[in-house]
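*Asks:* Dropping a structure here in structure tokens format, bear with me for questions.
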Amino acid sequence: MSSPVTVIDHPLVQHKLSLMRHTQTSTAKFRQLLREVSMLLAYEVTRDLPLKYAEIQTPLATMQAPMLASDKKMAIVSIMRAGQGLLDGILELIPSARVGHIGLYREPTTHLAVEYYFKLPHDVEHRDILLVDPMLATGNTAVAAVDRIKEFNPRDIKFLCLLAAPEGIAHFHEHHPDVPIYTAAIDDKLDEHGYILPGLGDAGDRLYGTK
Ligand code: URA
């Protein structure tokens, strides 16, 4: 089985992504755009959330009103540090979600993922996980994060990124064919340093102005 890749090609997402790619876009603007895009992406990723019906009273009548089913608990897991840029906007839409953090950095020469922090909500086995990281480049980091999350047997895992490289998608599929990927775009390829082309540069540096 191969996990599907959903490209969220909504015009607002595409426009904002293009602004984020632009080298002249300031740190403050980049951060604001990522927050806005993260809400639009979350809107699509949560499209299949189940609803239940509850009786409510409007000013004029009672009705059976659709509400999110409360047993569908979510946890958003951010791969630090760039994942924080997606996390904040998503939490605005889903404030009841619990949050986990995985600290992974790419070893500069091998591009392998090295873990330095790991904390998930205690009841992960009762939750659906939305793992977030803006860039799916080599896929090493996302694969390592899902490896670790699976040790805790969550009900379901989805992976959300902003940009994906074909190499990263293939690598991720190979290891986690059961985890669907959601992204705003699939770019051309990786460069020799493992950066996505044309990409947007280093998402963490663009987000926090560290370069
Ligand atoms: N991480 C980034 O921030 N950018 C890339 O292009 C690849 C990995």
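Letters for chains follow the order of the structure tokens (A, B, ...), residue numbers begin at 1 for each chain, and ligand numbers begin at 1 in the order shown.
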Counting only C-alpha atoms and all ligand atoms, give me one row per residue of chain A with an atom at most 7 Å from an atom of ligand 1, showing the shortest contact pair and its distance in Å to one decimal, sorted by chain then residue number, as a tab-separated table.
*Replies:*
residue	atom	partner	partner_atom_place_in_ligand_line	distance
A:Met135	CA	ligand 1	1 (N)	5.3
A:Leu136	CA	ligand 1	8 (C)	6.7
A:Ala137	CA	ligand 1	7 (C)	4.9
A:Gly194	CA	ligand 1	7 (C)	5.9
A:Tyr195	CA	ligand 1	6 (O)	3.5
A:Ile196	CA	ligand 1	6 (O)	3.8
A:Leu197	CA	ligand 1	6 (O)	6.9
A:Gly199	CA	ligand 1	6 (O)	5.5
A:Leu200	CA	ligand 1	6 (O)	6.3
A:Gly201	CA	ligand 1	4 (N)	5.0
A:Asp202	CA	ligand 1	3 (O)	3.3
A:Ala203	CA	ligand 1	3 (O)	3.7
A:Gly204	CA	ligand 1	3 (O)	5.7
*Asks:* Produce a file of the selected residues containing N, CA, C and O atoms, as a PDB file, in the first residue's frame.
*Replies:*
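Output saved as selection.pdb:
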ATOM      1  N   MET A 135       9.105  21.522   5.758  1.00  0.00           N
ATOM      2  CA  MET A 135       9.860  21.033   4.608  1.00  0.00           C
ATOM      3  C   MET A 135      10.033  19.517   4.658  1.00  0.00           C
ATOM      4  O   MET A 135      10.630  18.980   5.596  1.00  0.00           O
ATOM      5  N   LEU A 136       9.567  18.816   3.618  1.00  0.00           N
ATOM      6  CA  LEU A 136       9.868  17.388   3.467  1.00  0.00           C
ATOM      7  C   LEU A 136      10.950  17.314   2.393  1.00  0.00           C
ATOM      8  O   LEU A 136      10.654  17.336   1.203  1.00  0.00           O
ATOM      9  N   ALA A 137      12.202  17.278   2.833  1.00  0.00           N
ATOM     10  CA  ALA A 137      13.338  17.346   1.896  1.00  0.00           C
ATOM     11  C   ALA A 137      13.870  15.930   1.629  1.00  0.00           C
ATOM     12  O   ALA A 137      13.340  15.222   0.787  1.00  0.00           O
ATOM     13  N   GLY A 194      20.923  18.933   0.181  1.00  0.00           N
ATOM     14  CA  GLY A 194      19.647  18.449   0.716  1.00  0.00           C
ATOM     15  C   GLY A 194      18.598  19.536   0.843  1.00  0.00           C
ATOM     16  O   GLY A 194      17.609  19.356   1.553  1.00  0.00           O
ATOM     17  N   TYR A 195      18.794  20.656   0.161  1.00  0.00           N
ATOM     18  CA  TYR A 195      17.772  21.717   0.154  1.00  0.00           C
ATOM     19  C   TYR A 195      16.836  21.541  -1.039  1.00  0.00           C
ATOM     20  O   TYR A 195      17.253  21.071  -2.099  1.00  0.00           O
ATOM     21  N   ILE A 196      15.594  21.953  -0.811  1.00  0.00           N
ATOM     22  CA  ILE A 196      14.588  21.794  -1.852  1.00  0.00           C
ATOM     23  C   ILE A 196      14.734  22.897  -2.902  1.00  0.00           C
ATOM     24  O   ILE A 196      14.877  24.073  -2.554  1.00  0.00           O
ATOM     25  N   LEU A 197      14.708  22.498  -4.189  1.00  0.00           N
ATOM     26  CA  LEU A 197      14.769  23.432  -5.315  1.00  0.00           C
ATOM     27  C   LEU A 197      13.443  23.456  -6.059  1.00  0.00           C
ATOM     28  O   LEU A 197      12.914  22.377  -6.331  1.00  0.00           O
ATOM     29  N   GLY A 199      12.238  25.711  -3.888  1.00  0.00           N
ATOM     30  CA  GLY A 199      12.136  25.828  -2.437  1.00  0.00           C
ATOM     31  C   GLY A 199      11.904  27.235  -1.921  1.00  0.00           C
ATOM     32  O   GLY A 199      11.373  28.109  -2.621  1.00  0.00           O
ATOM     33  N   LEU A 200      12.317  27.432  -0.688  1.00  0.00           N
ATOM     34  CA  LEU A 200      12.230  28.767  -0.065  1.00  0.00           C
ATOM     35  C   LEU A 200      13.415  29.029   0.850  1.00  0.00           C
ATOM     36  O   LEU A 200      13.421  29.964   1.638  1.00  0.00           O
ATOM     37  N   GLY A 201      14.419  28.158   0.758  1.00  0.00           N
ATOM     38  CA  GLY A 201      15.587  28.295   1.637  1.00  0.00           C
ATOM     39  C   GLY A 201      15.389  27.502   2.914  1.00  0.00           C
ATOM     40  O   GLY A 201      14.609  26.539   2.948  1.00  0.00           O
ATOM     41  N   ASP A 202      16.084  27.893   3.955  1.00  0.00           N
ATOM     42  CA  ASP A 202      15.969  27.207   5.246  1.00  0.00           C
ATOM     43  C   ASP A 202      14.755  27.766   5.992  1.00  0.00           C
ATOM     44  O   ASP A 202      14.731  28.942   6.386  1.00  0.00           O
ATOM     45  N   ALA A 203      13.745  26.930   6.185  1.00  0.00           N
ATOM     46  CA  ALA A 203      12.481  27.416   6.759  1.00  0.00           C
ATOM     47  C   ALA A 203      12.690  27.978   8.163  1.00  0.00           C
ATOM     48  O   ALA A 203      12.109  29.005   8.518  1.00  0.00           O
ATOM     49  N   GLY A 204      13.528  27.324   8.968  1.00  0.00           N
ATOM     50  CA  GLY A 204      13.786  27.809  10.330  1.00  0.00           C
ATOM     51  C   GLY A 204      14.452  29.176  10.315  1.00  0.00           C
ATOM     52  O   GLY A 204      14.076  30.083  11.060  1.00  0.00           O
TER      53      GLY A 204
END
*Asks:* Could you give me, as a compact mmCIF listing (two decimals) with all heavy atoms, in the first residue's frame, the residues within 12 Å of Arg47 in chain A, counting only C-alpha atoms and dropping anything in the same chain fewer than 5 positions from it?
*Replies:*
# COMPACT_ATOMS: atom_id res chain seq x y z
N ILE A 8 -2.46 20.56 -1.66
CA ILE A 8 -3.52 21.53 -1.35
C ILE A 8 -3.28 22.75 -2.23
O ILE A 8 -2.50 23.64 -1.89
CB ILE A 8 -3.53 21.84 0.17
CG1 ILE A 8 -3.78 20.53 0.94
CG2 ILE A 8 -4.58 22.90 0.51
CD1 ILE A 8 -3.53 20.61 2.42
N LEU A 40 -5.03 27.54 6.56
CA LEU A 40 -5.68 27.06 5.34
C LEU A 40 -5.37 25.57 5.12
O LEU A 40 -6.24 24.80 4.70
CB LEU A 40 -5.22 27.88 4.14
CG LEU A 40 -5.61 29.36 4.17
CD1 LEU A 40 -4.84 30.16 3.14
CD2 LEU A 40 -7.11 29.52 3.96
N LEU A 41 -4.15 25.18 5.41
CA LEU A 41 -3.77 23.77 5.26
C LEU A 41 -4.54 22.92 6.27
O LEU A 41 -5.05 21.84 5.94
CB LEU A 41 -2.27 23.58 5.46
CG LEU A 41 -1.35 24.28 4.45
CD1 LEU A 41 0.11 24.05 4.82
CD2 LEU A 41 -1.59 23.77 3.03
N ALA A 42 -4.64 23.43 7.51
CA ALA A 42 -5.34 22.67 8.55
C ALA A 42 -6.81 22.47 8.19
O ALA A 42 -7.41 21.42 8.46
CB ALA A 42 -5.22 23.39 9.89
N LEU A 68 -18.31 18.87 16.25
CA LEU A 68 -17.21 17.90 16.16
C LEU A 68 -17.41 16.80 17.20
O LEU A 68 -17.72 17.10 18.36
CB LEU A 68 -15.87 18.59 16.41
CG LEU A 68 -15.33 19.48 15.29
CD1 LEU A 68 -14.05 20.17 15.74
CD2 LEU A 68 -15.08 18.66 14.03
*Asks:* Please identify all polymer residues within 12 Å of Ile56 in chain A, counting only C-alpha atoms, omitting same-chain residues fewer than 4 positions from it, and present them as a short mmCIF file (atom, residue, chain, number, x, y, z; two decimals) with N, CA and C atoms, in the first residue's frame.
*Replies:*
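Dumped everything to selection_11.cif:
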data_model
loop_
_atom_site.label_atom_id
_atom_site.label_comp_id
_atom_site.auth_asym_id
_atom_site.auth_seq_id
_atom_site.Cartn_x
_atom_site.Cartn_y
_atom_site.Cartn_z
N LEU A 60 -34.75 31.16 17.64
CA LEU A 60 -36.08 30.90 17.06
C LEU A 60 -36.58 29.48 17.23
N ALA A 61 -35.67 28.53 17.38
CA ALA A 61 -36.12 27.13 17.39
C ALA A 61 -35.04 26.24 17.98
N THR A 62 -35.44 24.99 18.24
CA THR A 62 -34.41 24.00 18.58
C THR A 62 -34.03 23.29 17.29
N MET A 63 -32.80 22.82 17.26
CA MET A 63 -32.35 22.09 16.07
C MET A 63 -31.31 21.07 16.46
N GLN A 64 -31.14 20.08 15.62
CA GLN A 64 -30.04 19.14 15.74
C GLN A 64 -28.86 19.77 15.01
N ALA A 65 -27.84 20.19 15.74
CA ALA A 65 -26.74 20.95 15.13
C ALA A 65 -25.48 20.09 15.05
N PRO A 66 -24.78 20.16 13.90
CA PRO A 66 -23.54 19.38 13.78
C PRO A 66 -22.42 19.97 14.63
N MET A 67 -21.77 19.10 15.37
CA MET A 67 -20.64 19.51 16.22
C MET A 67 -19.53 18.47 16.01
#
*Asks:* Would you mind listing what lies within 10 Å of Phe118 in chain A as an mmCIF file with all heavy atoms, in the first residue's frame, with only C-alpha atoms counted and same-chain residues fewer than 4 positions away left out?
*Replies:*
data_model
loop_
_atom_site.group_PDB
_atom_site.id
_atom_site.type_symbol
_atom_site.label_atom_id
_atom_site.label_comp_id
_atom_site.auth_asym_id
_atom_site.auth_seq_id
_atom_site.Cartn_x
_atom_site.Cartn_y
_atom_site.Cartn_z
ATOM 1 N N ILE A 79 7.751 19.157 14.593
ATOM 2 C CA ILE A 79 9.182 18.852 14.507
ATOM 3 C C ILE A 79 9.914 20.181 14.613
ATOM 4 O O ILE A 79 9.766 21.062 13.770
ATOM 5 C CB ILE A 79 9.530 18.134 13.189
ATOM 6 C CG1 ILE A 79 8.752 16.816 13.069
ATOM 7 C CG2 ILE A 79 11.037 17.899 13.099
ATOM 8 C CD1 ILE A 79 9.015 16.032 11.793
ATOM 9 N N MET A 80 10.642 20.335 15.703
ATOM 10 C CA MET A 80 11.316 21.609 15.953
ATOM 11 C C MET A 80 12.548 21.737 15.039
ATOM 12 O O MET A 80 13.158 20.718 14.699
ATOM 13 C CB MET A 80 11.765 21.679 17.405
ATOM 14 C CG MET A 80 10.548 21.704 18.349
ATOM 15 S SD MET A 80 10.992 22.108 20.031
ATOM 16 C CE MET A 80 11.841 20.650 20.569
ATOM 17 N N GLY A 100 2.569 17.914 20.945
ATOM 18 C CA GLY A 100 3.820 17.214 21.210
ATOM 19 C C GLY A 100 4.958 17.905 20.469
ATOM 20 O O GLY A 100 4.717 18.659 19.516
ATOM 21 N N HIS A 101 6.177 17.685 20.936
ATOM 22 C CA HIS A 101 7.346 18.270 20.275
ATOM 23 C C HIS A 101 8.408 17.202 20.054
ATOM 24 O O HIS A 101 8.670 16.391 20.964
ATOM 25 C CB HIS A 101 7.964 19.384 21.133
ATOM 26 C CG HIS A 101 7.114 20.613 21.200
ATOM 27 N ND1 HIS A 101 6.193 20.818 22.194
ATOM 28 C CD2 HIS A 101 7.050 21.681 20.380
ATOM 29 C CE1 HIS A 101 5.597 21.985 21.982
ATOM 30 N NE2 HIS A 101 6.096 22.519 20.897
ATOM 31 N N ILE A 102 8.987 17.236 18.874
ATOM 32 C CA ILE A 102 10.131 16.366 18.607
ATOM 33 C C ILE A 102 11.258 17.257 18.106
ATOM 34 O O ILE A 102 11.095 17.981 17.116
ATOM 35 C CB ILE A 102 9.801 15.289 17.547
ATOM 36 C CG1 ILE A 102 8.582 14.462 17.990
ATOM 37 C CG2 ILE A 102 10.998 14.376 17.329
ATOM 38 C CD1 ILE A 102 8.228 13.330 17.059
ATOM 39 N N GLY A 103 12.367 17.226 18.814
ATOM 40 C CA GLY A 103 13.530 18.006 18.410
ATOM 41 C C GLY A 103 14.444 17.118 17.590
ATOM 42 O O GLY A 103 14.981 16.128 18.084
ATOM 43 N N LEU A 104 14.578 17.444 16.315
ATOM 44 C CA LEU A 104 15.456 16.680 15.425
ATOM 45 C C LEU A 104 16.243 17.688 14.600
ATOM 46 O O LEU A 104 15.657 18.631 14.083
ATOM 47 C CB LEU A 104 14.638 15.811 14.467
ATOM 48 C CG LEU A 104 13.907 14.604 15.056
ATOM 49 C CD1 LEU A 104 12.840 14.110 14.091
ATOM 50 C CD2 LEU A 104 14.901 13.476 15.332
ATOM 51 N N ALA A 145 10.784 10.885 12.878
ATOM 52 C CA ALA A 145 9.715 11.356 13.782
ATOM 53 C C ALA A 145 8.568 10.341 13.814
ATOM 54 O O ALA A 145 8.055 10.010 14.892
ATOM 55 C CB ALA A 145 9.213 12.720 13.322
ATOM 56 N N ARG A 148 9.395 7.234 15.829
ATOM 57 C CA ARG A 148 9.287 7.441 17.285
ATOM 58 C C ARG A 148 7.830 7.500 17.728
ATOM 59 O O ARG A 148 7.451 6.903 18.747
ATOM 60 C CB ARG A 148 10.005 8.739 17.674
ATOM 61 C CG ARG A 148 11.488 8.649 17.606
ATOM 62 C CD ARG A 148 12.059 7.813 18.753
ATOM 63 N NE ARG A 148 12.258 8.606 19.950
ATOM 64 C CZ ARG A 148 11.850 8.276 21.168
ATOM 65 N NH1 ARG A 148 11.171 7.155 21.362
ATOM 66 N NH2 ARG A 148 12.086 9.054 22.202
ATOM 67 N N ILE A 149 6.998 8.207 16.950
ATOM 68 C CA ILE A 149 5.581 8.344 17.328
ATOM 69 C C ILE A 149 4.913 6.976 17.323
ATOM 70 O O ILE A 149 4.101 6.662 18.200
ATOM 71 C CB ILE A 149 4.865 9.325 16.375
ATOM 72 C CG1 ILE A 149 5.391 10.744 16.593
ATOM 73 C CG2 ILE A 149 3.356 9.289 16.581
ATOM 74 C CD1 ILE A 149 4.936 11.740 15.533
#
*Asks:* Contacts between range 167-190 of chain A and range 25-132 of chain A, please, where a residue of range 25-132 of chain A counts if it comes within 9 Å (with only C-alpha atoms); show its shortest atom pair and distance in Å to one decimal, rows by chain and ascending number, as a tab-separated table.
*Replies:*
residue	atom	partner	partner_atom	distance
A:Val37	CA	A:Ala184	CA	9.0
A:Leu41	CA	A:Ala184	CA	7.6
A:Glu44	CA	A:Tyr182	CA	8.8
A:Val45	CA	A:Tyr182	CA	7.1
*Asks:* Using CA of Val99 in chain A and CA of Lys52 in chain A as the two end points, give the distance in Å to one decimal.
*Replies:*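 These atoms are spaced 24.1 Å apart.
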*Asks:* Which one is closest to Glu192 in chain A: A:His111, A:Arg206, A:Lys211, A:His126? Count only C-alpha atoms.
*Replies:* A:His111
*Asks:* Have a look at CA of Thr210 in chain A and CA of Thr27 in chain A and let me know their distance in Å, one decimal.
*Replies:* 9.3 Å
*Asks:* With DSSP run on the backbone, what are the alpha helix (DSSP H) residues within chain A? I'd like them as a PyMOL selection string.
*Replies:* chain A and resi 11-21+27-45+84-93+140-150+166-175+203-208
*Asks:* I need the strand (DSSP E or B) residues of range 4-186 of chain A per DSSP on the backbone, written as a PyMOL selection string.
*Replies:* chain A and resi 5-7+51-57+62-68+73-80+98-106+113-119+127-132+135-136+156-160+163-164+181-183+185-186
*Asks:* From the set A:Pro154, A:Val132, A:Ala144, A:His15, which residue has the shortest atom-to-atom contact distance to Gln84 in chain A, counting only C-alpha atoms?
*Replies:* A:Val132
